[in-house]
file upload-v1.txt (compact mmCIF, C-alpha atoms)
# COMPACT_ATOMS: atom_id res chain seq x y z
CA MET A 1 -75.53 70.22 -0.86
CA LYS A 2 -77.69 67.87 -2.85
CA LYS A 3 -75.33 64.93 -2.50
CA TYR A 4 -75.17 64.67 1.31
CA PRO A 5 -77.90 66.90 2.76
CA PHE A 6 -78.01 65.11 6.14
CA LEU A 7 -74.28 65.51 6.67
CA TYR A 8 -74.21 69.17 5.67
CA THR A 9 -77.25 70.00 7.79
CA SER A 10 -75.59 68.31 10.75
CA LEU A 11 -72.37 70.25 10.22
CA VAL A 12 -74.24 73.58 10.01
CA LEU A 13 -76.05 72.79 13.26
CA VAL A 14 -72.79 71.79 14.98
CA PHE A 15 -71.23 75.05 13.79
CA LEU A 16 -74.21 76.96 15.21
CA LEU A 17 -73.84 75.10 18.52
CA GLY A 18 -70.12 75.83 18.47
CA ILE A 19 -70.90 79.54 18.34
CA LEU A 20 -73.89 79.67 20.69
CA HIS A 21 -72.40 77.59 23.52
CA PRO A 22 -69.27 79.71 24.16
CA VAL A 23 -71.31 82.91 23.82
CA ALA A 24 -73.83 81.58 26.35
CA ILE A 25 -71.05 80.76 28.79
CA ALA A 26 -69.17 84.04 28.29
CA PHE A 27 -72.27 86.20 28.83
CA TYR A 28 -73.87 83.98 31.51
CA PHE A 29 -76.91 83.29 29.35
CA TYR A 30 -77.28 79.78 30.78
CA TRP A 31 -77.83 81.34 34.21
CA THR A 32 -79.98 84.29 33.13
CA THR A 33 -82.08 82.72 30.37
CA TRP A 34 -83.70 79.59 31.79
CA TRP A 35 -84.78 78.10 28.44
CA LEU A 36 -81.47 78.43 26.58
CA ASP A 37 -80.14 75.06 27.82
CA ASN A 38 -83.25 73.37 26.39
CA VAL A 39 -82.81 75.11 23.03
CA LEU A 40 -79.18 74.05 22.76
CA HIS A 41 -80.05 70.47 23.73
CA PHE A 42 -82.76 70.56 21.05
CA LEU A 43 -80.17 71.73 18.48
CA GLY A 44 -77.83 69.00 19.71
CA GLY A 45 -80.57 66.40 19.19
CA LEU A 46 -81.19 67.76 15.68
CA SER A 47 -77.51 67.71 14.75
CA LEU A 48 -76.93 64.20 16.14
CA GLY A 49 -80.13 63.02 14.47
CA PHE A 50 -78.99 64.27 11.08
CA LEU A 51 -75.49 62.89 11.64
CA SER A 52 -76.84 59.45 12.51
CA LEU A 53 -79.18 59.49 9.50
CA TYR A 54 -76.17 60.30 7.37
CA ILE A 55 -74.18 57.43 8.89
CA PHE A 56 -76.93 54.80 8.83
CA TYR A 57 -78.90 55.78 5.73
CA GLU A 58 -77.15 58.19 3.39
CA SER A 59 -73.47 57.23 3.53
CA SER A 60 -71.73 54.23 2.04
CA PHE A 61 -70.92 52.83 5.50
CA PHE A 62 -74.02 50.65 5.38
CA ALA A 63 -74.62 50.90 1.59
CA GLY A 64 -78.42 50.78 1.66
CA LYS A 65 -78.62 47.88 4.11
CA VAL A 66 -80.73 49.92 6.52
CA SER A 67 -84.21 51.13 5.56
CA PHE A 68 -85.24 54.69 6.28
CA SER A 69 -87.62 53.65 9.08
CA LYS A 70 -84.91 51.58 10.78
CA ALA A 71 -82.46 54.45 10.37
CA ILE A 72 -84.93 56.75 12.12
CA PHE A 73 -85.21 54.36 15.06
CA ILE A 74 -81.43 53.94 15.24
CA SER A 75 -81.10 57.72 15.07
CA LEU A 76 -83.39 58.20 18.07
CA VAL A 77 -81.51 55.57 20.09
CA PHE A 78 -78.17 57.11 19.04
CA VAL A 79 -79.27 60.58 20.18
CA MET A 80 -80.61 59.31 23.51
CA ILE A 81 -77.43 57.34 24.27
CA LEU A 82 -75.20 60.32 23.48
CA GLY A 83 -77.51 62.62 25.43
CA GLY A 84 -77.18 60.29 28.42
CA VAL A 85 -73.41 60.21 28.04
CA TRP A 86 -73.40 64.03 27.97
CA GLU A 87 -75.44 64.17 31.19
CA VAL A 88 -72.97 61.82 32.90
CA PHE A 89 -70.13 64.03 31.64
CA GLU A 90 -71.83 67.12 33.12
CA TYR A 91 -72.36 65.38 36.46
CA VAL A 92 -68.84 63.95 36.74
CA ASN A 93 -67.25 67.31 35.90
CA GLY A 94 -69.48 69.32 38.23
CA LEU A 95 -71.20 71.26 35.44
CA THR A 96 -74.60 71.06 37.08
CA GLN A 97 -76.31 74.21 38.26
CA SER A 98 -78.01 72.66 41.27
CA ILE A 99 -77.69 69.25 42.87
CA GLU A 100 -81.22 69.46 44.29
CA LYS A 101 -82.88 69.95 40.91
CA TYR A 102 -80.41 67.91 38.87
CA SER A 103 -82.81 65.07 38.08
CA LEU A 104 -85.35 67.56 36.71
CA ASP A 105 -82.62 69.18 34.60
CA VAL A 106 -81.61 65.79 33.20
CA ILE A 107 -85.22 65.01 32.28
CA HIS A 108 -85.60 68.38 30.49
CA ASP A 109 -82.29 67.93 28.68
CA LEU A 110 -83.09 64.41 27.49
CA LEU A 111 -86.60 65.43 26.41
CA SER A 112 -85.10 68.32 24.42
CA ASP A 113 -82.60 65.92 22.82
CA ALA A 114 -85.42 63.50 21.98
CA LEU A 115 -87.62 66.24 20.53
CA GLY A 116 -84.77 67.29 18.26
CA ALA A 117 -84.27 63.70 17.15
CA ILE A 118 -88.01 63.19 16.57
CA ILE A 119 -88.25 66.26 14.32
CA VAL A 120 -85.34 65.09 12.15
CA PRO A 121 -87.39 62.56 10.10
CA LEU A 122 -89.98 65.23 9.29
CA ILE A 123 -87.27 67.49 7.90
CA ALA A 124 -85.41 64.60 6.28
CA LYS A 125 -88.45 63.53 4.26
CA ARG A 126 -88.42 66.96 2.59
CA PHE A 127 -84.76 66.45 1.66
CA LEU A 128 -85.55 63.06 0.17
CA LYS A 129 -88.44 64.42 -1.89
CA SER A 130 -86.30 67.08 -3.54
call {"tool": "encode", "arguments": {"input": "upload-v1.txt", "output": "structure tokens"}}
result
Amino acid sequence: MKKYPFLYTSLVLVFLLGILHPVAIAFYFYWTTWWLDNVLHFLGGLSLGFLSLYIFYESSFFAGKVSFSKAIFISLVFVMILGGVWEVFEYVNGLTQSIEKYSLDVIHDLLSDALGAIIVPLIAKRFLKS
């Protein structure tokens, strides 16, 4: 795990999301536990943040052309764009819980995505030190 820590961390988080999301749907946790959607969006922001840091900083796709601080900014933008795309997907497919409170749900979801992406650099600096 020392060679590509951002990629492996992202894959572990995606695996965790892949388990938690179907379980939450099967047992109606999204409807009975109000904060679970925010937690899963936070994990999604973390996983996308680590994936984008892998793509823009760690991998050979850009071969050191992007500094760490620029990669962090790109990571945040990447997470917010994909979070927005996910919200459009939910709306188009009727996956919203309530039309009346949908805008508030979108704000919470995007803030959770952003918080996950903002925490990624703090964790990533520890990976880079070791």
call {"tool": "closest_residue", "arguments": {"input": "upload-v1.txt", "among": "A:Tyr4, A:Val23, A:Met80, A:Phe68", "to": "Leu36 in chain A", "atoms": "all atoms listed in the file"}}
result
A:Val23
call {"tool": "atom_distance", "arguments": {"input": "upload-v1.txt", "atom1": "CA of Glu87 in chain A", "atom2": "CA of Val106 in chain A"}}
result
6.7 Å
call {"tool": "residues_around", "arguments": {"input": "upload-v1.txt", "residues": "Val77 in chain A", "least_positions_apart": "3", "cutoff": "12 Å", "atoms": "all atoms listed in the file", "output": "list of chain:residue names"}}
result
A:Gly45, A:Leu48, A:Gly49, A:Ser52, A:Leu53, A:Lys70, A:Ala71, A:Ile72, A:Phe73, A:Ile74, A:Met80, A:Ile81, A:Leu82, A:Gly83, A:Gly84, A:Leu110, A:Asp113, A:Ala114, A:Ala117, A:Ile118
call {"tool": "closest_residue", "arguments": {"input": "upload-v1.txt", "among": "A:Leu40, A:Ala24, A:Leu16, A:Leu11", "to": "Gly116 in chain A", "atoms": "all atoms listed in the file"}}
result
A:Leu40
call {"tool": "atom_distance", "arguments": {"input": "upload-v1.txt", "atom1": "CA of Ser47 in chain A", "atom2": "CA of Thr9 in chain A"}}
result
7.3 Å
call {"tool": "closest_residue", "arguments": {"input": "upload-v1.txt", "among": "A:Pro5, A:Pro22, A:Gly44, A:Pro121", "to": "Ser59 in chain A", "atoms": "only C-alpha atoms"}}
result
A:Pro5
call {"tool": "atom_distance", "arguments": {"input": "upload-v1.txt", "atom1": "CA of Val88 in chain A", "atom2": "CA of Thr32 in chain A"}}
result
23.5 Å
call {"tool": "residues_around", "arguments": {"input": "upload-v1.txt", "residues": "Ser112 in chain A", "least_positions_apart": "5", "cutoff": "7 Å", "atoms": "only C-alpha atoms", "output": "ChimeraX atom specification"}}
result
/A:38,41-42
call {"tool": "closest_residue", "arguments": {"input": "upload-v1.txt", "among": "A:Tyr102, A:Phe78, A:Phe127, A:Phe6", "to": "Glu58 in chain A", "atoms": "all atoms listed in the file"}}
result
A:Phe6
call {"tool": "closest_residue", "arguments": {"input": "upload-v1.txt", "among": "A:Trp34, A:Leu51, A:Leu46, A:Asn93", "to": "Tyr8 in chain A", "atoms": "all atoms listed in the file"}}
result
A:Leu51
call {"tool": "closest_residue", "arguments": {"input": "upload-v1.txt", "among": "A:Tyr54, A:Asp37, A:Lys2, A:Gly94", "to": "Ile25 in chain A", "atoms": "only C-alpha atoms"}}
result
A:Asp37
call {"tool": "decode", "arguments": {"input": "upload-v1.txt", "residues": "range 27-128 of chain A", "atoms": "C-alpha atoms", "output": "short mmCIF file (atom, residue, chain, number, x, y, z; two decimals), in the first residue's frame"}}
result
data_model
loop_
_atom_site.label_atom_id
_atom_site.label_comp_id
_atom_site.auth_asym_id
_atom_site.auth_seq_id
_atom_site.Cartn_x
_atom_site.Cartn_y
_atom_site.Cartn_z
CA PHE A 27 -33.32 -2.10 5.70
CA TYR A 28 -34.82 1.37 5.06
CA PHE A 29 -32.04 3.09 6.99
CA TYR A 30 -32.18 6.14 4.71
CA TRP A 31 -35.77 6.71 5.84
CA THR A 32 -35.33 5.83 9.52
CA THR A 33 -31.88 7.29 10.23
CA TRP A 34 -31.91 10.91 9.11
CA TRP A 35 -28.12 11.43 9.20
CA LEU A 36 -27.09 8.34 7.22
CA ASP A 37 -27.40 10.09 3.83
CA ASN A 38 -24.97 12.77 5.05
CA VAL A 39 -22.48 10.15 6.26
CA LEU A 40 -22.54 8.31 2.94
CA HIS A 41 -22.13 11.58 1.02
CA PHE A 42 -19.19 12.38 3.29
CA LEU A 43 -17.64 8.97 2.48
CA GLY A 44 -18.32 9.63 -1.20
CA GLY A 45 -16.51 12.97 -0.95
CA LEU A 46 -13.58 11.25 0.77
CA SER A 47 -13.35 8.50 -1.83
CA LEU A 48 -13.62 10.89 -4.78
CA GLY A 49 -11.11 13.21 -3.13
CA PHE A 50 -8.57 10.43 -2.76
CA LEU A 51 -9.27 9.19 -6.29
CA SER A 52 -8.74 12.65 -7.76
CA LEU A 53 -5.53 13.12 -5.75
CA TYR A 54 -4.35 9.82 -7.15
CA ILE A 55 -5.20 10.90 -10.70
CA PHE A 56 -3.80 14.44 -10.52
CA TYR A 57 -0.89 14.02 -8.12
CA GLU A 58 0.20 10.45 -7.51
CA SER A 59 -0.27 8.66 -10.83
CA SER A 60 1.76 8.93 -13.99
CA PHE A 61 -1.15 10.52 -15.88
CA PHE A 62 0.22 13.98 -15.12
CA ALA A 63 3.76 12.88 -14.14
CA GLY A 64 4.42 15.52 -11.50
CA LYS A 65 3.11 18.42 -13.58
CA VAL A 66 0.59 19.35 -10.89
CA SER A 67 1.72 20.55 -7.46
CA PHE A 68 0.09 19.17 -4.35
CA SER A 69 -1.75 22.43 -3.62
CA LYS A 70 -3.15 22.58 -7.17
CA ALA A 71 -4.14 18.91 -6.93
CA ILE A 72 -6.06 19.69 -3.73
CA PHE A 73 -7.98 22.48 -5.46
CA ILE A 74 -8.68 20.29 -8.49
CA SER A 75 -9.80 17.53 -6.12
CA LEU A 76 -12.33 19.81 -4.43
CA VAL A 77 -13.70 20.99 -7.79
CA PHE A 78 -13.82 17.38 -9.04
CA VAL A 79 -15.80 16.25 -5.99
CA MET A 80 -18.25 19.15 -6.21
CA ILE A 81 -18.89 18.59 -9.92
CA LEU A 82 -19.51 14.87 -9.42
CA GLY A 83 -21.65 15.61 -6.37
CA GLY A 84 -23.74 17.96 -8.49
CA VAL A 85 -24.04 15.36 -11.23
CA TRP A 86 -25.20 12.83 -8.61
CA GLU A 87 -27.87 15.25 -7.36
CA VAL A 88 -29.15 15.74 -10.92
CA PHE A 89 -29.20 11.94 -11.33
CA GLU A 90 -31.27 11.59 -8.13
CA TYR A 91 -33.72 14.27 -9.26
CA VAL A 92 -34.14 12.94 -12.81
CA ASN A 93 -34.73 9.39 -11.57
CA GLY A 94 -37.14 10.39 -8.81
CA LEU A 95 -34.87 9.29 -5.98
CA THR A 96 -35.71 12.27 -3.82
CA GLN A 97 -37.52 11.78 -0.54
CA SER A 98 -39.51 14.99 -0.67
CA ILE A 99 -39.97 17.57 -3.40
CA GLU A 100 -40.72 20.30 -0.85
CA LYS A 101 -37.44 19.89 1.01
CA TYR A 102 -35.33 18.85 -1.96
CA SER A 103 -33.25 22.03 -2.10
CA LEU A 104 -32.32 21.62 1.57
CA ASP A 105 -31.37 17.99 0.92
CA VAL A 106 -29.16 19.03 -2.00
CA ILE A 107 -27.41 21.62 0.16
CA HIS A 108 -26.76 19.06 2.92
CA ASP A 109 -25.52 16.49 0.40
CA LEU A 110 -23.14 18.91 -1.31
CA LEU A 111 -21.84 20.20 2.02
CA SER A 112 -21.18 16.61 3.12
CA ASP A 113 -19.37 15.93 -0.17
CA ALA A 114 -17.31 19.10 0.28
CA LEU A 115 -16.45 18.27 3.89
CA GLY A 116 -15.18 14.87 2.78
CA ALA A 117 -13.08 16.49 0.06
CA ILE A 118 -11.72 19.12 2.46
CA ILE A 119 -10.57 16.48 4.96
CA VAL A 120 -8.69 14.52 2.27
CA PRO A 121 -5.61 16.82 2.23
CA LEU A 122 -5.25 16.52 6.00
CA ILE A 123 -5.17 12.75 5.73
CA ALA A 124 -3.07 12.81 2.57
CA LYS A 125 -0.30 14.83 4.23
CA ARG A 126 0.14 11.98 6.72
CA PHE A 127 0.52 9.52 3.82
CA LEU A 128 3.14 11.74 2.21
#
